[in-house]
Structures are given as C-alpha cells and as structure tokens.
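Dropping my_file-v2.cif in here (mmCIF, N, CA, C and O atoms):
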```
data_structure
loop_
_atom_site.label_atom_id
_atom_site.label_comp_id
_atom_site.auth_asym_id
_atom_site.auth_seq_id
_atom_site.Cartn_x
_atom_site.Cartn_y
_atom_site.Cartn_z
N ASN A 538 16.40 -36.65 -95.58
CA ASN A 538 17.28 -37.76 -95.29
C ASN A 538 16.54 -38.76 -94.38
O ASN A 538 16.07 -38.39 -93.31
N ASP A 539 16.47 -40.01 -94.79
CA ASP A 539 15.73 -41.03 -94.03
C ASP A 539 16.36 -41.33 -92.67
O ASP A 539 15.66 -41.57 -91.70
N CYS A 540 17.68 -41.31 -92.64
CA CYS A 540 18.38 -41.58 -91.37
C CYS A 540 18.04 -40.49 -90.35
O CYS A 540 17.79 -40.78 -89.18
N GLU A 541 18.02 -39.26 -90.80
CA GLU A 541 17.70 -38.14 -89.92
C GLU A 541 16.25 -38.21 -89.44
O GLU A 541 15.95 -37.93 -88.28
N LYS A 542 15.36 -38.63 -90.32
CA LYS A 542 13.95 -38.77 -89.94
C LYS A 542 13.78 -39.80 -88.84
O LYS A 542 13.00 -39.62 -87.91
N GLU A 543 14.49 -40.91 -88.97
CA GLU A 543 14.42 -41.96 -87.95
C GLU A 543 14.95 -41.45 -86.61
O GLU A 543 14.41 -41.76 -85.55
N LEU A 544 16.02 -40.66 -86.66
CA LEU A 544 16.57 -40.09 -85.42
C LEU A 544 15.54 -39.18 -84.75
O LEU A 544 15.38 -39.21 -83.52
N TYR A 545 14.85 -38.38 -85.53
CA TYR A 545 13.83 -37.50 -84.96
C TYR A 545 12.68 -38.31 -84.37
O TYR A 545 12.18 -38.00 -83.29
N LYS A 546 12.24 -39.34 -85.07
CA LYS A 546 11.16 -40.19 -84.55
C LYS A 546 11.57 -40.81 -83.22
O LYS A 546 10.81 -40.82 -82.25
N ASP A 547 12.79 -41.36 -83.21
CA ASP A 547 13.28 -41.98 -81.97
C ASP A 547 13.40 -40.95 -80.85
O ASP A 547 13.08 -41.25 -79.69
N GLY A 548 13.87 -39.76 -81.18
CA GLY A 548 14.00 -38.70 -80.18
C GLY A 548 12.66 -38.29 -79.60
O GLY A 548 12.53 -38.09 -78.39
N ILE A 549 11.66 -38.17 -80.45
CA ILE A 549 10.32 -37.80 -80.00
C ILE A 549 9.76 -38.88 -79.09
O ILE A 549 9.22 -38.59 -78.01
N ARG A 550 9.91 -40.12 -79.48
CA ARG A 550 9.40 -41.23 -78.66
C ARG A 550 10.14 -41.33 -77.33
O ARG A 550 9.53 -41.57 -76.28
N GLU A 551 11.45 -41.13 -77.37
CA GLU A 551 12.23 -41.18 -76.13
C GLU A 551 11.81 -40.05 -75.18
O GLU A 551 11.67 -40.27 -73.98
N TYR A 552 11.58 -38.87 -75.72
CA TYR A 552 11.15 -37.73 -74.91
C TYR A 552 9.84 -38.02 -74.20
O TYR A 552 9.71 -37.82 -72.98
N TYR A 553 8.85 -38.51 -74.93
CA TYR A 553 7.55 -38.78 -74.32
C TYR A 553 7.57 -40.03 -73.44
O TYR A 553 6.80 -40.13 -72.49
N ASN A 554 8.47 -40.95 -73.73
CA ASN A 554 8.63 -42.11 -72.85
C ASN A 554 9.17 -41.66 -71.50
O ASN A 554 8.70 -42.12 -70.45
N GLU A 555 10.15 -40.75 -71.50
CA GLU A 555 10.69 -40.21 -70.26
C GLU A 555 9.62 -39.43 -69.49
O GLU A 555 9.53 -39.52 -68.28
N LYS A 556 8.81 -38.65 -70.21
CA LYS A 556 7.71 -37.92 -69.58
C LYS A 556 6.73 -38.89 -68.93
O LYS A 556 6.24 -38.65 -67.82
N CYS A 557 6.43 -39.97 -69.63
CA CYS A 557 5.50 -40.98 -69.12
C CYS A 557 6.04 -41.64 -67.85
O CYS A 557 5.32 -41.82 -66.87
N ILE A 558 7.32 -41.96 -67.85
CA ILE A 558 7.95 -42.59 -66.69
C ILE A 558 7.95 -41.62 -65.50
O ILE A 558 7.61 -42.01 -64.37
N ALA A 559 8.31 -40.36 -65.73
CA ALA A 559 8.32 -39.37 -64.65
C ALA A 559 6.91 -39.15 -64.10
O ALA A 559 6.72 -39.02 -62.89
N ASN A 560 5.93 -39.15 -64.98
CA ASN A 560 4.54 -38.98 -64.57
C ASN A 560 4.09 -40.16 -63.70
O ASN A 560 3.42 -39.97 -62.68
N GLU A 561 4.47 -41.36 -64.10
CA GLU A 561 4.11 -42.55 -63.33
C GLU A 561 4.75 -42.51 -61.94
O GLU A 561 4.11 -42.87 -60.94
N ARG A 562 5.99 -42.07 -61.87
CA ARG A 562 6.66 -41.94 -60.57
C ARG A 562 5.93 -40.94 -59.67
O ARG A 562 5.77 -41.17 -58.47
N GLU A 563 5.53 -39.82 -60.26
CA GLU A 563 4.83 -38.81 -59.47
C GLU A 563 3.47 -39.32 -58.99
O GLU A 563 3.05 -39.04 -57.86
N LEU A 564 2.78 -40.09 -59.83
CA LEU A 564 1.51 -40.70 -59.40
C LEU A 564 1.73 -41.62 -58.20
O LEU A 564 0.97 -41.56 -57.22
N LYS A 565 2.75 -42.46 -58.27
CA LYS A 565 3.04 -43.37 -57.17
C LYS A 565 3.41 -42.61 -55.90
O LYS A 565 2.95 -42.93 -54.81
N ARG A 566 4.24 -41.57 -56.06
CA ARG A 566 4.65 -40.76 -54.91
C ARG A 566 3.44 -40.08 -54.29
O ARG A 566 3.26 -40.08 -53.07
N ASN A 567 2.57 -39.53 -55.13
CA ASN A 567 1.36 -38.87 -54.63
C ASN A 567 0.46 -39.85 -53.88
O ASN A 567 -0.15 -39.48 -52.87
N ASN A 568 0.35 -41.07 -54.38
CA ASN A 568 -0.47 -42.07 -53.69
C ASN A 568 0.10 -42.38 -52.31
O ASN A 568 -0.66 -42.48 -51.34
N ILE A 569 1.41 -42.49 -52.22
CA ILE A 569 2.04 -42.77 -50.92
C ILE A 569 1.83 -41.60 -49.97
O ILE A 569 1.47 -41.78 -48.81
N VAL A 570 2.06 -40.38 -50.46
CA VAL A 570 1.88 -39.18 -49.62
C VAL A 570 0.42 -39.07 -49.17
O VAL A 570 0.15 -38.78 -48.00
N SER A 571 -0.50 -39.31 -50.08
CA SER A 571 -1.92 -39.23 -49.76
C SER A 571 -2.31 -40.25 -48.68
O SER A 571 -3.02 -39.91 -47.73
N GLU A 572 -1.82 -41.47 -48.83
CA GLU A 572 -2.11 -42.50 -47.82
C GLU A 572 -1.50 -42.14 -46.47
O GLU A 572 -2.13 -42.33 -45.42
N PHE A 573 -0.27 -41.61 -46.49
CA PHE A 573 0.38 -41.21 -45.24
C PHE A 573 -0.40 -40.09 -44.56
O PHE A 573 -0.62 -40.12 -43.35
N LEU A 574 -0.82 -39.09 -45.33
CA LEU A 574 -1.58 -37.98 -44.75
C LEU A 574 -2.93 -38.44 -44.21
O LEU A 574 -3.39 -37.95 -43.17
N MET A 575 -3.56 -39.38 -44.91
CA MET A 575 -4.83 -39.92 -44.43
C MET A 575 -4.62 -40.65 -43.10
O MET A 575 -5.39 -40.43 -42.15
N LEU A 576 -3.59 -41.46 -43.02
CA LEU A 576 -3.30 -42.16 -41.78
C LEU A 576 -2.97 -41.18 -40.66
O LEU A 576 -3.45 -41.32 -39.52
N ALA A 577 -2.17 -40.15 -40.97
CA ALA A 577 -1.82 -39.14 -39.97
C ALA A 577 -3.07 -38.43 -39.47
O ALA A 577 -3.22 -38.19 -38.26
N GLY A 578 -3.99 -38.09 -40.38
CA GLY A 578 -5.22 -37.42 -39.98
C GLY A 578 -6.06 -38.28 -39.06
O GLY A 578 -6.59 -37.78 -38.06
N VAL A 579 -6.17 -39.55 -39.37
CA VAL A 579 -6.96 -40.46 -38.52
C VAL A 579 -6.30 -40.62 -37.16
O VAL A 579 -6.97 -40.62 -36.12
N LEU A 580 -4.96 -40.75 -37.15
CA LEU A 580 -4.26 -40.89 -35.87
C LEU A 580 -4.40 -39.62 -35.03
O LEU A 580 -4.57 -39.70 -33.80
N VAL A 581 -4.33 -38.46 -35.64
CA VAL A 581 -4.49 -37.21 -34.90
C VAL A 581 -5.92 -37.10 -34.36
O VAL A 581 -6.12 -36.64 -33.23
N LEU A 582 -6.91 -37.54 -35.13
CA LEU A 582 -8.29 -37.54 -34.62
C LEU A 582 -8.42 -38.48 -33.42
O LEU A 582 -9.11 -38.15 -32.44
N ALA A 583 -7.77 -39.63 -33.50
CA ALA A 583 -7.80 -40.57 -32.38
C ALA A 583 -7.11 -39.95 -31.15
O ALA A 583 -7.61 -40.07 -30.02
N PHE A 584 -5.99 -39.27 -31.39
CA PHE A 584 -5.30 -38.59 -30.30
C PHE A 584 -6.18 -37.51 -29.69
O PHE A 584 -6.18 -37.30 -28.47
N ARG A 585 -6.94 -36.82 -30.51
CA ARG A 585 -7.85 -35.77 -30.03
C ARG A 585 -8.86 -36.37 -29.05
O ARG A 585 -9.14 -35.79 -27.99
N LEU A 586 -9.43 -37.52 -29.40
CA LEU A 586 -10.40 -38.16 -28.50
C LEU A 586 -9.74 -38.52 -27.17
O LEU A 586 -10.32 -38.31 -26.09
N PHE A 587 -8.53 -39.06 -27.25
CA PHE A 587 -7.79 -39.40 -26.04
C PHE A 587 -7.51 -38.15 -25.22
O PHE A 587 -7.75 -38.11 -24.00
N PHE A 588 -7.01 -37.10 -25.89
CA PHE A 588 -6.67 -35.85 -25.21
C PHE A 588 -7.90 -35.21 -24.57
O PHE A 588 -7.83 -34.67 -23.47
N GLU A 589 -9.03 -35.30 -25.27
CA GLU A 589 -10.27 -34.72 -24.75
C GLU A 589 -10.72 -35.43 -23.48
O GLU A 589 -11.22 -34.80 -22.54
N ASN A 590 -10.54 -36.75 -23.43
CA ASN A 590 -10.94 -37.52 -22.25
C ASN A 590 -10.00 -37.32 -21.07
O ASN A 590 -10.42 -37.37 -19.92
N VAL A 591 -8.71 -37.09 -21.36
CA VAL A 591 -7.73 -36.93 -20.29
C VAL A 591 -7.76 -35.52 -19.71
O VAL A 591 -7.63 -35.33 -18.51
N THR A 592 -7.93 -34.53 -20.57
CA THR A 592 -7.93 -33.13 -20.11
C THR A 592 -9.29 -32.50 -20.38
O THR A 592 -10.11 -33.03 -21.12
N ASN A 593 -9.48 -31.37 -19.81
CA ASN A 593 -10.70 -30.60 -20.08
C ASN A 593 -10.37 -29.33 -20.85
O ASN A 593 -11.11 -28.37 -20.79
N ASN A 594 -9.28 -29.34 -21.56
CA ASN A 594 -8.83 -28.15 -22.28
C ASN A 594 -9.46 -28.16 -23.67
O ASN A 594 -8.95 -28.78 -24.60
N SER A 595 -10.57 -27.45 -23.81
CA SER A 595 -11.29 -27.48 -25.08
C SER A 595 -10.58 -26.72 -26.19
O SER A 595 -10.75 -27.03 -27.37
N ILE A 596 -9.75 -25.74 -25.85
CA ILE A 596 -9.03 -24.98 -26.89
C ILE A 596 -8.03 -25.89 -27.61
O ILE A 596 -8.00 -25.95 -28.84
N TRP A 597 -7.21 -26.60 -26.83
CA TRP A 597 -6.23 -27.48 -27.46
C TRP A 597 -6.89 -28.66 -28.17
O TRP A 597 -6.39 -29.14 -29.19
N THR A 598 -8.00 -29.09 -27.65
CA THR A 598 -8.75 -30.16 -28.32
C THR A 598 -9.19 -29.71 -29.70
O THR A 598 -9.08 -30.47 -30.68
N GLU A 599 -9.66 -28.49 -29.80
CA GLU A 599 -10.09 -27.96 -31.10
C GLU A 599 -8.91 -27.73 -32.04
O GLU A 599 -9.03 -27.92 -33.25
N VAL A 600 -7.77 -27.31 -31.50
CA VAL A 600 -6.57 -27.13 -32.32
C VAL A 600 -6.16 -28.48 -32.92
O VAL A 600 -5.83 -28.57 -34.12
N ILE A 601 -6.17 -29.51 -32.11
CA ILE A 601 -5.83 -30.85 -32.60
C ILE A 601 -6.84 -31.29 -33.65
O ILE A 601 -6.47 -31.88 -34.69
N TYR A 602 -8.10 -31.00 -33.43
CA TYR A 602 -9.16 -31.35 -34.38
C TYR A 602 -8.94 -30.66 -35.74
O TYR A 602 -9.05 -31.28 -36.79
N ILE A 603 -8.58 -29.39 -35.70
CA ILE A 603 -8.32 -28.65 -36.94
C ILE A 603 -7.11 -29.23 -37.67
O ILE A 603 -7.12 -29.40 -38.89
N ALA A 604 -6.06 -29.55 -36.91
CA ALA A 604 -4.86 -30.13 -37.52
C ALA A 604 -5.20 -31.46 -38.21
O ALA A 604 -4.71 -31.74 -39.31
N ALA A 605 -6.03 -32.25 -37.59
CA ALA A 605 -6.41 -33.53 -38.19
C ALA A 605 -7.14 -33.32 -39.51
O ALA A 605 -6.87 -34.01 -40.50
N TRP A 606 -8.04 -32.37 -39.54
CA TRP A 606 -8.79 -32.12 -40.77
C TRP A 606 -7.92 -31.50 -41.86
O TRP A 606 -8.18 -31.70 -43.04
N VAL A 607 -6.89 -30.78 -41.47
CA VAL A 607 -5.95 -30.28 -42.47
C VAL A 607 -5.23 -31.45 -43.12
O VAL A 607 -5.09 -31.49 -44.36
N PHE A 608 -4.78 -32.41 -42.33
CA PHE A 608 -4.15 -33.61 -42.90
C PHE A 608 -5.10 -34.33 -43.85
O PHE A 608 -4.73 -34.73 -44.95
N LEU A 609 -6.33 -34.52 -43.40
CA LEU A 609 -7.30 -35.25 -44.22
C LEU A 609 -7.67 -34.51 -45.50
O LEU A 609 -7.77 -35.11 -46.57
N SER A 610 -7.83 -33.20 -45.41
CA SER A 610 -8.19 -32.46 -46.62
C SER A 610 -7.04 -32.43 -47.62
O SER A 610 -7.26 -32.48 -48.83
N GLU A 611 -5.82 -32.36 -47.14
CA GLU A 611 -4.66 -32.40 -48.04
C GLU A 611 -4.54 -33.77 -48.71
O GLU A 611 -4.20 -33.86 -49.89
N ALA A 612 -4.84 -34.82 -47.97
CA ALA A 612 -4.82 -36.17 -48.55
C ALA A 612 -5.84 -36.29 -49.68
O ALA A 612 -5.55 -36.85 -50.74
N VAL A 613 -7.01 -35.74 -49.48
CA VAL A 613 -8.05 -35.78 -50.52
C VAL A 613 -7.63 -34.92 -51.71
O VAL A 613 -7.80 -35.33 -52.87
N ASP A 614 -7.07 -33.76 -51.46
CA ASP A 614 -6.63 -32.88 -52.54
C ASP A 614 -5.60 -33.57 -53.43
O ASP A 614 -5.72 -33.56 -54.65
N ILE A 615 -4.62 -34.19 -52.81
CA ILE A 615 -3.59 -34.89 -53.58
C ILE A 615 -4.16 -36.11 -54.26
O ILE A 615 -3.96 -36.34 -55.46
N GLY A 616 -4.89 -36.92 -53.51
CA GLY A 616 -5.39 -38.20 -54.03
C GLY A 616 -6.43 -38.05 -55.12
O GLY A 616 -6.49 -38.86 -56.04
N VAL A 617 -7.24 -37.01 -55.05
CA VAL A 617 -8.32 -36.86 -56.03
C VAL A 617 -7.96 -35.88 -57.13
O VAL A 617 -7.96 -36.21 -58.31
N PHE A 618 -7.61 -34.67 -56.75
CA PHE A 618 -7.47 -33.60 -57.75
C PHE A 618 -6.13 -33.62 -58.46
O PHE A 618 -6.07 -33.54 -59.69
N LYS A 619 -5.04 -33.70 -57.72
CA LYS A 619 -3.72 -33.69 -58.37
C LYS A 619 -3.50 -34.97 -59.17
O LYS A 619 -2.92 -34.92 -60.26
N ASN A 620 -3.93 -36.10 -58.64
CA ASN A 620 -3.75 -37.35 -59.39
C ASN A 620 -4.63 -37.40 -60.63
O ASN A 620 -4.28 -38.02 -61.62
N ARG A 621 -5.76 -36.73 -60.60
CA ARG A 621 -6.61 -36.66 -61.80
C ARG A 621 -5.86 -35.96 -62.92
O ARG A 621 -5.84 -36.42 -64.06
N SER A 622 -5.22 -34.87 -62.59
CA SER A 622 -4.43 -34.13 -63.57
C SER A 622 -3.29 -34.99 -64.12
O SER A 622 -3.02 -34.99 -65.33
N LEU A 623 -2.65 -35.75 -63.25
CA LEU A 623 -1.56 -36.62 -63.70
C LEU A 623 -2.07 -37.75 -64.58
O LEU A 623 -1.39 -38.16 -65.53
N ARG A 624 -3.25 -38.28 -64.29
CA ARG A 624 -3.80 -39.35 -65.13
C ARG A 624 -4.14 -38.82 -66.52
O ARG A 624 -3.96 -39.53 -67.52
N ILE A 625 -4.61 -37.58 -66.60
CA ILE A 625 -4.89 -36.97 -67.90
C ILE A 625 -3.59 -36.81 -68.69
O ILE A 625 -3.53 -37.12 -69.88
N LYS A 626 -2.54 -36.34 -68.01
CA LYS A 626 -1.24 -36.21 -68.68
C LYS A 626 -0.73 -37.57 -69.15
O LYS A 626 -0.13 -37.68 -70.22
N LYS A 627 -0.95 -38.60 -68.34
CA LYS A 627 -0.49 -39.94 -68.70
C LYS A 627 -1.14 -40.40 -70.00
O LYS A 627 -0.47 -40.94 -70.89
N LYS A 628 -2.44 -40.19 -70.12
CA LYS A 628 -3.14 -40.56 -71.36
C LYS A 628 -2.59 -39.79 -72.54
O LYS A 628 -2.41 -40.34 -73.63
N ARG A 629 -2.31 -38.53 -72.34
CA ARG A 629 -1.77 -37.68 -73.41
C ARG A 629 -0.39 -38.19 -73.83
O ARG A 629 -0.10 -38.31 -75.03
N TYR A 630 0.47 -38.49 -72.87
CA TYR A 630 1.82 -38.97 -73.20
C TYR A 630 1.76 -40.31 -73.92
O TYR A 630 2.53 -40.56 -74.85
N CYS A 631 0.87 -41.19 -73.49
CA CYS A 631 0.72 -42.48 -74.17
C CYS A 631 0.25 -42.29 -75.60
O CYS A 631 0.69 -42.99 -76.51
N ALA A 632 -0.64 -41.33 -75.81
CA ALA A 632 -1.10 -41.04 -77.16
C ALA A 632 0.06 -40.50 -78.01
O ALA A 632 0.19 -40.85 -79.18
N TYR A 633 0.89 -39.66 -77.42
CA TYR A 633 2.04 -39.12 -78.15
C TYR A 633 3.03 -40.23 -78.50
O TYR A 633 3.67 -40.19 -79.54
N LEU A 634 3.15 -41.21 -77.62
CA LEU A 634 4.08 -42.33 -77.88
C LEU A 634 3.63 -43.15 -79.09
O LEU A 634 4.45 -43.68 -79.83
N SER A 635 2.33 -43.26 -79.28
CA SER A 635 1.83 -44.09 -80.37
C SER A 635 1.48 -43.30 -81.62
O SER A 635 0.98 -43.86 -82.59
N MET A 636 1.78 -41.99 -81.62
CA MET A 636 1.43 -41.18 -82.79
C MET A 636 2.35 -41.49 -83.97
O MET A 636 3.48 -41.95 -83.80
N ARG A 637 1.84 -41.23 -85.15
CA ARG A 637 2.62 -41.41 -86.36
C ARG A 637 3.31 -40.08 -86.68
O ARG A 637 2.67 -39.04 -86.72
N VAL A 638 4.61 -40.14 -86.90
CA VAL A 638 5.37 -38.94 -87.20
C VAL A 638 5.54 -38.85 -88.72
O VAL A 638 6.02 -39.79 -89.36
N GLU A 639 5.09 -37.75 -89.27
CA GLU A 639 5.21 -37.53 -90.71
C GLU A 639 5.99 -36.26 -90.98
O GLU A 639 5.96 -35.34 -90.17
N TYR A 640 6.63 -36.22 -92.09
CA TYR A 640 7.42 -35.06 -92.49
C TYR A 640 6.84 -34.50 -93.78
O TYR A 640 6.50 -35.24 -94.70
N SER A 641 6.72 -33.21 -93.83
CA SER A 641 6.26 -32.60 -95.06
C SER A 641 7.47 -32.04 -95.81
O SER A 641 8.33 -31.39 -95.22
N GLY A 642 7.55 -32.34 -97.06
CA GLY A 642 8.70 -31.91 -97.86
C GLY A 642 8.52 -30.50 -98.36
O GLY A 642 7.43 -29.96 -98.45
N LYS A 643 9.63 -29.87 -98.69
CA LYS A 643 9.61 -28.51 -99.20
C LYS A 643 9.65 -28.51 -100.70
O LYS A 643 10.14 -29.33 -101.36
#
```
In structure tokens, write the structure found in this file.
Amino acid sequence: NDCEKELYKDGIREYYNEKCIANERELKRNNIVSEFLMLAGVLVLAFRLFFENVTNNSIWTEVIYIAAWVFLSEAVDIGVFKNRSLRIKKKRYCAYLSMRVEYSGK
C-alpha cells in the first residue's frame, strides 16, 4: 500500500530528525559544561596561588591544586572525547535522514 509506505518513510525521517535534534542539544550542553569546568579549573588554580602566598600550608595548597586539575581534565574529557562521539552520531543521523527508503515485495 503506497499510503502505508509514505507513513513509514515519514516515521523513519521523524525518528532520526528527533535523534539529530537531541544530539545537537547534548553537544551544546557539553560545550557549556566544558567551558564552565575549564573556567572553574583556572579560577581554582588562581585561588591556589593566592592561598599559597597567604598561608604556608602546603598540604591544602596541593589539595586545591589537585582539585583544579580534576576540573580541567574533566573539561578536556567532555570537550574532546565525548563531543567527538556525538559528532560521529550526528553525521550518522544526518545520513539516515537523507537515505532512500525502499520496500521489497513478497
């Protein structure tokens, strides 16, 4: 039935269009989180320098230093590795959106 075939085509395209939109939202969210974590890491490093000059407590200075690098490494992980995976999915979803749907008869 031709009407049914069109419904399936539209359904497939709608499904991958929704996937594409959700993927794009996640990419944008990841970029914002990554930028925030990068800024937090830099601010914590700056605070470490201030704290080191004000006090002579080397243990807490190192704890602050470690916390800063955790922020920075998480920002890189999200910004580079997780977003790479999302960009690959985006290409795949776009390819699915433009694919030709064919039906094989019985």
Check: Suppose you want the space between atom O of Tyr552 in chain A and atom O of Tyr630 in chain A; what is it in Å?
Finding: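 Between atom O of Tyr552 in chain A and atom O of Tyr630 in chain A the gap works out to 7.9 Å.
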Note to self: Taking 4 positions as the minimum chain separation for residues in the same chain, which residues sit within 12 Å of range 596-602 of chain A when counting only C-alpha atoms? Answer as number ranges by chain.
What the structure shows: A: 577-592, 606-609
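Counting from atom O of Asn620 in chain A, the distance to atom C of Ala605 in chain A is 22.8 Å.
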Next item on the list: May I ask which of the residues A:Ile603, A:Met636, A:Val617, A:Leu623 is the closest one to Asn560 in chain A, counting all atoms listed in the file?
Entry: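 Closest to Asn560 in chain A of all the choices is A:Leu623.
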Next item on the list: Rounded to one decimal place, report the CA of Ser610 in chain A-CA of Val570 in chain A distance in Å.
Entry: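 These two atoms are separated by 12.5 Å.
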Margin query: Please enumerate the residues selected by the PyMOL selection byres (((chain A and resi 635 and name CA) around 12) and name CA) when evaluated against the supplied file, formatted as number ranges by chain.
Written below: A: 546-547, 549-551, 553-554, 628-634, 636-638
Notebook entry, point to check: From the set A:Ala612, A:Asn593, A:Ser622, A:Glu639, which residue has the shortest atom-to-atom contact distance to Leu564 in chain A, counting only C-alpha atoms?
Noted result: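 Selected residue with least distance to Leu564 in chain A: A:Ser622.
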Notebook entry, point to check: Pick the closest to Met575 in chain A from A:Glu561, A:Gly548, A:Glu541, A:Val613: which is it, counting only N, CA, C and O atoms?
Noted result: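 Of A:Glu561, A:Gly548, A:Glu541, A:Val613, the one nearest Met575 in chain A is A:Val613, counting only N, CA, C and O atoms.
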Check: Which of these residues is nearest to Asp614 in chain A, using all atoms listed in the file: A:Ser571, A:Lys626, A:Leu576, A:Glu563?
Finding: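 For Asp614 in chain A, the nearest of the given residues is A:Ser571.
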